[in-house]
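Below: entry_17.json (JSON, C-alpha atoms)
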[["chain", "number", "residue", "atom", "x", "y", "z"],
["A", 1, "MET", "CA", 83.50, 119.77, 104.37],
["A", 2, "ALA", "CA", 83.80, 116.46, 106.19],
["A", 3, "ARG", "CA", 85.66, 113.54, 104.64],
["A", 4, "PRO", "CA", 85.71, 109.97, 105.94],
["A", 5, "SER", "CA", 88.55, 109.22, 108.40],
["A", 6, "PRO", "CA", 91.70, 107.82, 106.76],
["A", 7, "ALA", "CA", 92.38, 104.10, 107.16],
["A", 8, "ILE", "CA", 94.36, 103.17, 110.29],
["A", 9, "LEU", "CA", 98.02, 103.02, 109.25],
["A", 10, "ASP", "CA", 99.90, 99.83, 110.12],
["A", 11, "ASP", "CA", 103.33, 100.93, 111.40],
["A", 12, "GLU", "CA", 105.23, 97.88, 110.17],
["A", 13, "ARG", "CA", 103.67, 98.01, 106.74],
["A", 14, "LEU", "CA", 104.36, 101.74, 106.43],
["A", 15, "ASP", "CA", 108.01, 101.10, 107.31],
["A", 16, "ALA", "CA", 108.18, 98.41, 104.61],
["A", 17, "VAL", "CA", 106.65, 100.77, 102.04],
["A", 18, "PHE", "CA", 109.13, 103.57, 102.79],
["A", 19, "SER", "CA", 112.02, 101.09, 102.55],
["A", 20, "ALA", "CA", 110.66, 99.84, 99.25],
["A", 21, "LEU", "CA", 110.49, 103.39, 97.90],
["A", 22, "SER", "CA", 114.02, 104.23, 99.02],
["A", 23, "ASP", "CA", 115.64, 102.71, 95.94],
["A", 24, "PRO", "CA", 115.47, 104.36, 92.49],
["A", 25, "THR", "CA", 115.34, 101.00, 90.68],
["A", 26, "ARG", "CA", 112.37, 99.91, 92.74],
["A", 27, "ARG", "CA", 110.65, 103.23, 92.09],
["A", 28, "ARG", "CA", 111.08, 102.68, 88.36],
["A", 29, "ILE", "CA", 109.75, 99.14, 88.67],
["A", 30, "ILE", "CA", 106.67, 100.53, 90.43],
["A", 31, "ALA", "CA", 106.25, 103.12, 87.68],
["A", 32, "ARG", "CA", 106.52, 100.44, 84.99],
["A", 33, "LEU", "CA", 104.00, 98.16, 86.72],
["A", 34, "SER", "CA", 101.56, 101.03, 87.14],
["A", 35, "GLN", "CA", 101.22, 100.89, 83.38],
["A", 36, "GLY", "CA", 100.38, 97.18, 83.36],
["A", 37, "THR", "CA", 101.70, 93.78, 84.40],
["A", 38, "ALA", "CA", 105.13, 92.60, 83.27],
["A", 39, "SER", "CA", 107.26, 89.49, 83.44],
["A", 40, "VAL", "CA", 110.45, 89.53, 85.50],
["A", 41, "GLY", "CA", 112.42, 89.53, 82.26],
["A", 42, "GLU", "CA", 110.54, 92.57, 80.94],
["A", 43, "LEU", "CA", 111.21, 94.42, 84.19],
["A", 44, "ALA", "CA", 114.95, 93.61, 84.03],
["A", 45, "GLU", "CA", 115.32, 94.85, 80.45],
["A", 46, "PRO", "CA", 115.74, 98.63, 81.00],
["A", 47, "PHE", "CA", 118.41, 98.06, 83.66],
["A", 48, "ALA", "CA", 121.79, 96.43, 83.13],
["A", 49, "MET", "CA", 120.74, 93.96, 85.78],
["A", 50, "SER", "CA", 120.57, 90.20, 86.16],
["A", 51, "LEU", "CA", 117.30, 88.41, 86.78],
["A", 52, "PRO", "CA", 118.32, 87.43, 90.34],
["A", 53, "ALA", "CA", 119.10, 91.08, 91.10],
["A", 54, "VAL", "CA", 115.67, 92.18, 89.85],
["A", 55, "SER", "CA", 114.15, 89.33, 91.81],
["A", 56, "LYS", "CA", 115.71, 90.68, 95.01],
["A", 57, "HIS", "CA", 114.10, 94.07, 94.39],
["A", 58, "LEU", "CA", 110.80, 92.35, 93.70],
["A", 59, "SER", "CA", 111.05, 90.53, 97.05],
["A", 60, "VAL", "CA", 111.37, 93.86, 98.86],
["A", 61, "LEU", "CA", 108.35, 95.15, 96.95],
["A", 62, "GLU", "CA", 106.40, 91.99, 97.78],
["A", 63, "ARG", "CA", 107.15, 92.35, 101.49],
["A", 64, "ALA", "CA", 105.72, 95.87, 101.28],
["A", 65, "GLY", "CA", 102.59, 94.47, 99.67],
["A", 66, "LEU", "CA", 103.22, 96.53, 96.54],
["A", 67, "VAL", "CA", 103.85, 93.70, 94.11],
["A", 68, "ARG", "CA", 102.64, 90.14, 93.76],
["A", 69, "ARG", "CA", 104.05, 87.54, 91.39],
["A", 70, "GLU", "CA", 101.95, 84.93, 89.67],
["A", 71, "ARG", "CA", 103.07, 81.92, 87.68],
["A", 72, "ASP", "CA", 102.10, 82.20, 84.04],
["A", 73, "GLY", "CA", 103.35, 79.06, 82.36],
["A", 74, "ARG", "CA", 107.12, 79.07, 82.61],
["A", 75, "MET", "CA", 107.47, 82.70, 83.63],
["A", 76, "GLN", "CA", 106.28, 84.94, 86.45],
["A", 77, "ARG", "CA", 104.00, 87.93, 85.88],
["A", 78, "CYS", "CA", 104.26, 90.84, 88.30],
["A", 79, "HIS", "CA", 101.25, 92.86, 89.37],
["A", 80, "LEU", "CA", 101.21, 96.17, 91.23],
["A", 81, "ASP", "CA", 98.99, 96.75, 94.26],
["A", 82, "ALA", "CA", 98.92, 100.52, 94.81],
["A", 83, "ARG", "CA", 96.98, 100.45, 98.10],
["A", 84, "PRO", "CA", 100.06, 100.55, 100.40],
["A", 85, "LEU", "CA", 101.31, 103.56, 98.42],
["A", 86, "GLU", "CA", 98.04, 105.26, 99.08],
["A", 87, "ALA", "CA", 98.43, 104.62, 102.82],
["A", 88, "ALA", "CA", 101.96, 106.11, 102.75],
["A", 89, "GLY", "CA", 100.62, 109.02, 100.76],
["A", 90, "GLU", "CA", 97.92, 109.56, 103.38],
["A", 91, "PHE", "CA", 100.60, 109.97, 106.01],
["A", 92, "VAL", "CA", 102.35, 112.66, 104.01],
["A", 93, "GLU", "CA", 98.93, 114.20, 103.39],
["A", 94, "HIS", "CA", 98.44, 114.53, 107.17],
["A", 95, "TYR", "CA", 101.50, 116.73, 107.34],
["A", 96, "ARG", "CA", 100.60, 118.71, 104.25],
["A", 97, "ILE", "CA", 97.25, 119.66, 105.73],
["A", 98, "PHE", "CA", 98.87, 120.46, 109.06],
["A", 99, "TRP", "CA", 101.43, 122.83, 107.51],
["A", 100, "GLU", "CA", 99.08, 124.52, 105.04],
["A", 101, "SER", "CA", 96.60, 125.28, 107.79],
["A", 102, "THR", "CA", 99.34, 126.50, 110.13],
["A", 103, "LEU", "CA", 100.74, 128.80, 107.46],
["A", 104, "ASP", "CA", 97.20, 130.11, 106.79],
["A", 105, "GLN", "CA", 97.04, 131.08, 110.45],
["A", 106, "LEU", "CA", 100.44, 132.80, 110.26],
["A", 107, "ALA", "CA", 99.38, 134.78, 107.19],
["A", 108, "GLN", "CA", 96.13, 135.81, 108.84],
["A", 109, "TYR", "CA", 97.96, 136.91, 112.00],
["A", 110, "LEU", "CA", 100.61, 138.98, 110.23],
["A", 111, "GLU", "CA", 98.43, 140.43, 107.47],
["A", 112, "GLU", "CA", 95.62, 141.48, 109.82],
["A", 113, "GLU", "CA", 98.12, 143.04, 112.21],
["A", 114, "ASP", "CA", 99.58, 144.92, 109.27],
["A", 115, "ASP", "CA", 96.14, 146.07, 108.08],
["A", 116, "ASP", "CA", 95.27, 147.29, 111.59],
["A", 117, "ALA", "CA", 98.55, 149.17, 111.89],
["A", 118, "SER", "CA", 98.02, 151.02, 108.64],
["A", 119, "ARG", "CA", 94.52, 152.29, 109.52],
["B", 1, "MET", "CA", 101.45, 125.08, 97.44],
["B", 2, "SER", "CA", 103.27, 121.88, 98.34],
["B", 3, "SER", "CA", 105.16, 118.97, 96.87],
["B", 4, "THR", "CA", 106.75, 115.76, 98.03],
["B", 5, "ALA", "CA", 110.21, 114.46, 97.20],
["B", 6, "ALA", "CA", 111.88, 111.14, 97.98],
["B", 7, "ASN", "CA", 115.43, 111.19, 99.31],
["B", 8, "ALA", "CA", 117.21, 108.40, 97.46],
["B", 9, "GLU", "CA", 119.83, 107.82, 100.19],
["B", 10, "SER", "CA", 117.72, 107.68, 103.30],
["B", 11, "GLY", "CA", 114.48, 106.56, 101.72],
["B", 12, "ASP", "CA", 112.57, 109.12, 103.69],
["B", 13, "LEU", "CA", 109.93, 111.31, 102.19],
["B", 14, "ALA", "CA", 110.16, 115.07, 102.50],
["B", 15, "LEU", "CA", 107.27, 117.45, 102.27],
["B", 16, "ILE", "CA", 107.69, 120.99, 100.99],
["B", 17, "VAL", "CA", 105.06, 123.62, 101.70],
["B", 18, "ARG", "CA", 105.30, 127.28, 100.61],
["B", 19, "ARG", "CA", 103.31, 130.39, 101.39],
["B", 20, "THR", "CA", 103.88, 134.05, 100.52],
["B", 21, "ILE", "CA", 102.89, 136.39, 103.33],
["B", 22, "ARG", "CA", 102.45, 140.17, 103.09],
["B", 23, "ALA", "CA", 104.89, 141.07, 105.85],
["B", 24, "ARG", "CA", 108.63, 141.72, 106.02],
["B", 25, "VAL", "CA", 111.03, 138.84, 106.79],
["B", 26, "GLU", "CA", 112.03, 140.16, 110.21],
["B", 27, "ARG", "CA", 108.39, 140.22, 111.39],
["B", 28, "VAL", "CA", 107.74, 136.73, 110.03],
["B", 29, "PHE", "CA", 110.89, 135.36, 111.68],
["B", 30, "ASP", "CA", 109.90, 136.96, 114.99],
["B", 31, "ALA", "CA", 106.37, 135.55, 114.75],
["B", 32, "TRP", "CA", 107.86, 132.08, 114.21],
["B", 33, "THR", "CA", 110.35, 132.22, 117.08],
["B", 34, "ARG", "CA", 108.94, 134.35, 119.90],
["B", 35, "PRO", "CA", 106.53, 132.73, 122.38],
["B", 36, "GLU", "CA", 104.50, 135.95, 122.76],
["B", 37, "HIS", "CA", 103.70, 135.73, 119.04],
["B", 38, "LEU", "CA", 103.41, 131.94, 118.76],
["B", 39, "VAL", "CA", 100.56, 131.82, 121.29],
["B", 40, "GLN", "CA", 98.61, 134.16, 119.02],
["B", 41, "TRP", "CA", 98.83, 132.25, 115.74],
["B", 42, "TRP", "CA", 100.57, 128.85, 115.86],
["B", 43, "GLY", "CA", 98.64, 125.77, 114.88],
["B", 44, "PRO", "CA", 96.33, 124.37, 112.26],
["B", 45, "LYS", "CA", 92.87, 125.75, 112.89],
["B", 46, "PRO", "CA", 91.12, 125.06, 115.30],
["B", 47, "VAL", "CA", 94.10, 123.97, 117.39],
["B", 48, "ARG", "CA", 95.49, 126.87, 119.42],
["B", 49, "CYS", "CA", 98.87, 127.39, 120.97],
["B", 50, "SER", "CA", 98.45, 127.48, 124.74],
["B", 51, "GLY", "CA", 102.12, 127.98, 125.55],
["B", 52, "ALA", "CA", 105.58, 127.98, 124.05],
["B", 53, "GLU", "CA", 109.19, 127.97, 125.18],
["B", 54, "VAL", "CA", 111.93, 128.76, 122.72],
["B", 55, "ASP", "CA", 115.66, 128.73, 123.41],
["B", 56, "LEU", "CA", 116.72, 130.18, 120.08],
["B", 57, "ARG", "CA", 120.29, 129.00, 119.59],
["B", 58, "VAL", "CA", 122.05, 125.95, 118.13],
["B", 59, "GLY", "CA", 121.49, 123.17, 120.65],
["B", 60, "GLY", "CA", 118.65, 125.09, 122.30],
["B", 61, "ARG", "CA", 115.31, 123.37, 122.72],
["B", 62, "TYR", "CA", 111.75, 124.44, 122.01],
["B", 63, "ARG", "CA", 108.35, 123.24, 123.21],
["B", 64, "ILE", "CA", 105.04, 124.29, 121.70],
["B", 65, "ALA", "CA", 101.73, 123.35, 123.33],
["B", 66, "ASN", "CA", 98.92, 122.50, 120.92],
["B", 67, "GLN", "CA", 95.53, 122.68, 122.57],
["B", 68, "PHE", "CA", 92.60, 120.93, 120.94],
["B", 69, "PRO", "CA", 88.99, 122.12, 121.25],
["B", 70, "ASP", "CA", 88.34, 119.39, 123.86],
["B", 71, "GLY", "CA", 91.14, 120.80, 126.02],
["B", 72, "LYS", "CA", 93.66, 118.03, 125.34],
["B", 73, "VAL", "CA", 97.23, 119.25, 124.81],
["B", 74, "LEU", "CA", 99.84, 117.75, 122.53],
["B", 75, "TRP", "CA", 103.40, 119.12, 122.57],
["B", 76, "ILE", "CA", 105.69, 119.60, 119.60],
["B", 77, "VAL", "CA", 109.27, 119.51, 120.84],
["B", 78, "GLY", "CA", 112.75, 119.62, 119.42],
["B", 79, "GLU", "CA", 116.20, 121.11, 119.24],
["B", 80, "PHE", "CA", 117.67, 123.76, 116.96],
["B", 81, "GLU", "CA", 120.38, 122.60, 114.54],
["B", 82, "LEU", "CA", 120.74, 125.92, 112.74],
["B", 83, "VAL", "CA", 119.63, 129.46, 113.57],
["B", 84, "GLU", "CA", 120.26, 132.19, 110.97],
["B", 85, "PRO", "CA", 117.99, 135.14, 111.68],
["B", 86, "PRO", "CA", 115.97, 136.30, 109.85],
["B", 87, "ASN", "CA", 116.25, 133.80, 106.98],
["B", 88, "LYS", "CA", 116.65, 130.22, 108.10],
["B", 89, "LEU", "CA", 115.93, 127.74, 110.87],
["B", 90, "VAL", "CA", 116.58, 124.00, 111.07],
["B", 91, "TYR", "CA", 115.27, 121.95, 113.96],
["B", 92, "SER", "CA", 114.28, 118.47, 115.00],
["B", 93, "TRP", "CA", 110.62, 117.66, 115.52],
["B", 94, "SER", "CA", 108.77, 115.16, 117.73],
["B", 95, "LEU", "CA", 105.28, 114.93, 119.17],
["B", 96, "GLU", "CA", 104.72, 114.33, 122.89],
["B", 97, "PRO", "CA", 103.14, 112.05, 123.81],
["B", 98, "GLY", "CA", 104.23, 109.87, 120.95],
["B", 99, "ALA", "CA", 107.08, 107.77, 119.59],
["B", 100, "PRO", "CA", 110.44, 109.58, 119.47],
["B", 101, "SER", "CA", 111.34, 110.57, 115.94],
["B", 102, "THR", "CA", 114.21, 112.05, 114.00],
["B", 103, "GLU", "CA", 112.04, 114.22, 111.82],
["B", 104, "ARG", "CA", 113.56, 117.49, 110.84],
["B", 105, "VAL", "CA", 112.06, 120.80, 109.77],
["B", 106, "THR", "CA", 113.82, 123.48, 107.75],
["B", 107, "VAL", "CA", 112.10, 126.85, 107.47],
["B", 108, "ARG", "CA", 113.35, 129.55, 105.12],
["B", 109, "PHE", "CA", 112.05, 133.11, 105.11],
["B", 110, "GLU", "CA", 112.87, 134.72, 101.79],
["B", 111, "PRO", "CA", 112.23, 138.38, 101.00],
["B", 112, "ARG", "CA", 109.96, 139.06, 98.03],
["B", 113, "ASP", "CA", 109.46, 142.81, 97.47],
["B", 114, "GLY", "CA", 108.44, 143.67, 101.01],
["B", 115, "ALA", "CA", 106.62, 140.35, 101.39],
["B", 116, "THR", "CA", 108.07, 137.04, 102.59],
["B", 117, "GLU", "CA", 107.96, 133.59, 101.09],
["B", 118, "VAL", "CA", 107.94, 131.00, 103.88],
["B", 119, "ILE", "CA", 109.24, 127.61, 102.71],
["B", 120, "VAL", "CA", 108.85, 124.68, 105.08],
["B", 121, "VAL", "CA", 110.68, 121.41, 104.35],
["B", 122, "HIS", "CA", 109.61, 118.59, 106.66],
["B", 123, "GLU", "CA", 112.02, 115.65, 106.34],
["B", 124, "ARG", "CA", 112.38, 112.07, 107.52],
["B", 125, "ILE", "CA", 108.63, 111.71, 107.73],
["B", 126, "GLY", "CA", 108.93, 107.93, 107.79],
["B", 127, "SER", "CA", 111.30, 107.92, 110.74],
["B", 128, "ALA", "CA", 108.65, 107.95, 113.46],
["B", 129, "ALA", "CA", 107.13, 104.86, 111.90],
["B", 130, "VAL", "CA", 110.49, 103.10, 111.76],
["B", 131, "ARG", "CA", 111.27, 103.73, 115.42],
["B", 132, "ALA", "CA", 107.81, 102.77, 116.56],
["B", 133, "THR", "CA", 108.16, 99.36, 114.96],
["B", 134, "HIS", "CA", 111.30, 98.72, 117.02],
["B", 135, "ALA", "CA", 110.02, 100.05, 120.33],
["B", 136, "GLN", "CA", 107.89, 98.02, 122.69],
["B", 137, "GLY", "CA", 104.68, 99.28, 124.09],
["B", 138, "TRP", "CA", 104.21, 102.37, 122.00],
["B", 139, "GLU", "CA", 100.80, 103.12, 120.61],
["B", 140, "GLY", "CA", 100.61, 104.06, 116.93],
["B", 141, "CYS", "CA", 102.97, 106.98, 116.53],
["B", 142, "PHE", "CA", 100.56, 108.62, 114.16],
["B", 143, "ASP", "CA", 97.99, 109.13, 116.91],
["B", 144, "GLY", "CA", 99.06, 112.74, 117.55],
["B", 145, "LEU", "CA", 99.16, 113.63, 113.90],
["B", 146, "GLU", "CA", 95.82, 111.90, 113.29],
["B", 147, "GLN", "CA", 94.30, 114.08, 116.00],
["B", 148, "PHE", "CA", 95.47, 117.18, 114.14],
["B", 149, "LEU", "CA", 93.99, 115.75, 110.97],
["B", 150, "ASP", "CA", 90.64, 114.84, 112.53],
["B", 151, "VAL", "CA", 90.21, 118.24, 114.07],
["B", 152, "THR", "CA", 91.27, 120.25, 111.00],
["B", 153, "ARG", "CA", 89.07, 118.22, 108.67],
["B", 154, "THR", "CA", 85.96, 118.54, 110.78],
["B", 155, "SER", "CA", 86.27, 122.19, 111.75],
["B", 156, "PRO", "CA", 84.06, 124.62, 109.82],
["B", 157, "ALA", "CA", 85.91, 126.38, 106.99]]
Structure encoded using structure tokens:
Amino acid sequence: MARPSPAILDDERLDAVFSALSDPTRRRIIARLSQGTASVGELAEPFAMSLPAVSKHLSVLERAGLVRRERDGRMQRCHLDARPLEAAGEFVEHYRIFWESTLDQLAQYLEEEDDDASR
Amino acid sequence: MSSTAANAESGDLALIVRRTIRARVERVFDAWTRPEHLVQWWGPKPVRCSGAEVDLRVGGRYRIANQFPDGKVLWIVGEFELVEPPNKLVYSWSLEPGAPSTERVTVRFEPRDGATEVIVVHERIGSAAVRATHAQGWEGCFDGLEQFLDVTRTSPA
């Protein structure tokens, strides 16, 4: 079954996404934003963390293209863009397909050999 | 069956793939490590293994040739970090040609009532990308892997 080719992966952007994902706080911020937009204050609430500290994490996420901030009156609303995550996921998917197919071949080789030997 | 985990320290993603095979651990380990076996099964269909060299010891190197249907060959190369027959192997992993990487593969062969569960953990998947962004003149380091993907997705089931 043919599927369309995956999007070309931008090396620098992929690097930025992996760096963004390397911190548990940032992963939780991503999880929270996947449920809907939030202000910087709302994002800081679950962590014992100052607004500037959360803002630093948000900057890393922005550089990865995962989050954008928009002025909403006096506060900033944060929005998640999941597309870079999908690109990173595609990369892992490449390897998953590679390994599953390779292990299929190993199983076929050993199980057929075994069947032949027992005839 | 497979899953993905994020390593909080290094930020790299790891992929875990498992398969239970109806053969004893010693046979599975031999199939994985001996060139005379590897040329008969290694590779995601329809890639075939056209040659392999394995120096099975800590510090020893391996090279596996992956031949595509069009005749092009891509090598998987690396060095063994751990060799514990017949249950465990740990080795580095890079594609040639391609950007150098510090990816690492751990393979465990666990006995299950005369069968074997093969568990592959492929770590530091992001590392090739990181190094490619710092090196001059490299093409996309995913080219080799994309070739595997293209050929496995378009081959008949």
Atom pair atom CA of B:Val120 / atom CA of B:Val105: separation (Å):
6.9 Å
Contact table chain A vs chain B, cut-off 7 Å, shortest pair per residue, only C-alpha atoms, as a Markdown table:
| residue | atom | partner | partner_atom | distance |
| --- | --- | --- | --- | --- |
| A:Met1 | CA | B:Thr154 | CA | 7.0 |
| A:Ala2 | CA | B:Thr154 | CA | 5.5 |
| A:Asp11 | CA | B:Ala129 | CA | 5.5 |
| A:Glu12 | CA | B:Thr133 | CA | 5.8 |
| A:Leu14 | CA | B:Ala129 | CA | 6.9 |
| A:Asp15 | CA | B:Val130 | CA | 5.5 |
| A:Phe18 | CA | B:Gly11 | CA | 6.2 |
| A:Ser19 | CA | B:Gly11 | CA | 6.1 |
| A:Leu21 | CA | B:Gly11 | CA | 6.4 |
| A:Ser22 | CA | B:Gly11 | CA | 3.6 |
| A:Asp23 | CA | B:Ala8 | CA | 6.1 |
| A:Pro24 | CA | B:Ala8 | CA | 6.6 |
| A:His94 | CA | B:Leu149 | CA | 6.0 |
| A:Phe98 | CA | B:Pro44 | CA | 5.7 |
| A:Trp99 | CA | B:Val17 | CA | 6.9 |
| A:Glu100 | CA | B:Val17 | CA | 6.9 |
| A:Ser101 | CA | B:Pro44 | CA | 4.6 |
| A:Thr102 | CA | B:Pro44 | CA | 4.3 |
| A:Leu103 | CA | B:Arg19 | CA | 6.8 |
| A:Gln105 | CA | B:Trp41 | CA | 5.7 |
| A:Leu106 | CA | B:Trp41 | CA | 5.7 |
| A:Ala107 | CA | B:Ile21 | CA | 5.5 |
| A:Tyr109 | CA | B:Trp41 | CA | 6.0 |
| A:Leu110 | CA | B:Ala23 | CA | 6.5 |
| A:Glu111 | CA | B:Arg22 | CA | 6.0 |
Between atom CA of B:Val39 and atom CA of B:Gly51, what is the spacing in Å?
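We find that atom CA of B:Gly51 and atom CA of B:Val39 lie 5.9 Å from each other.
Shortest separation to B:Phe109 among B:Glu123, B:Glu53, B:Glu96, B:Glu84 occurs at residue B:Glu84, atoms counted being all atoms listed in the file.
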For atom CA of A:Arg28 and atom CA of A:Val92, quote the distance in Å rounded to one decimal.
20.5 Å
So that I can check the surroundings of B:Leu82, please list as a VMD selection string every protein, DNA and RNA residue that reaches within 12 Å of it, counting all atoms listed in the file and ignoring chain neighbours fewer than 6 positions away.
chain B and resid 56 to 61 88 to 92 104 to 108
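Here the question is which of A:Val17, A:Ala38, A:Ala64, A:Leu33 gets nearest to A:Leu80 using all atoms listed in the file, and that residue is A:Leu33.
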When distances are computed from only C-alpha atoms, which of B:Trp93, B:Val151, B:Thr102, B:Val83 shows the smallest separation from B:Phe68?
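Between B:Trp93, B:Val151, B:Thr102, B:Val83, the residue approaching B:Phe68 most closely is B:Val151.
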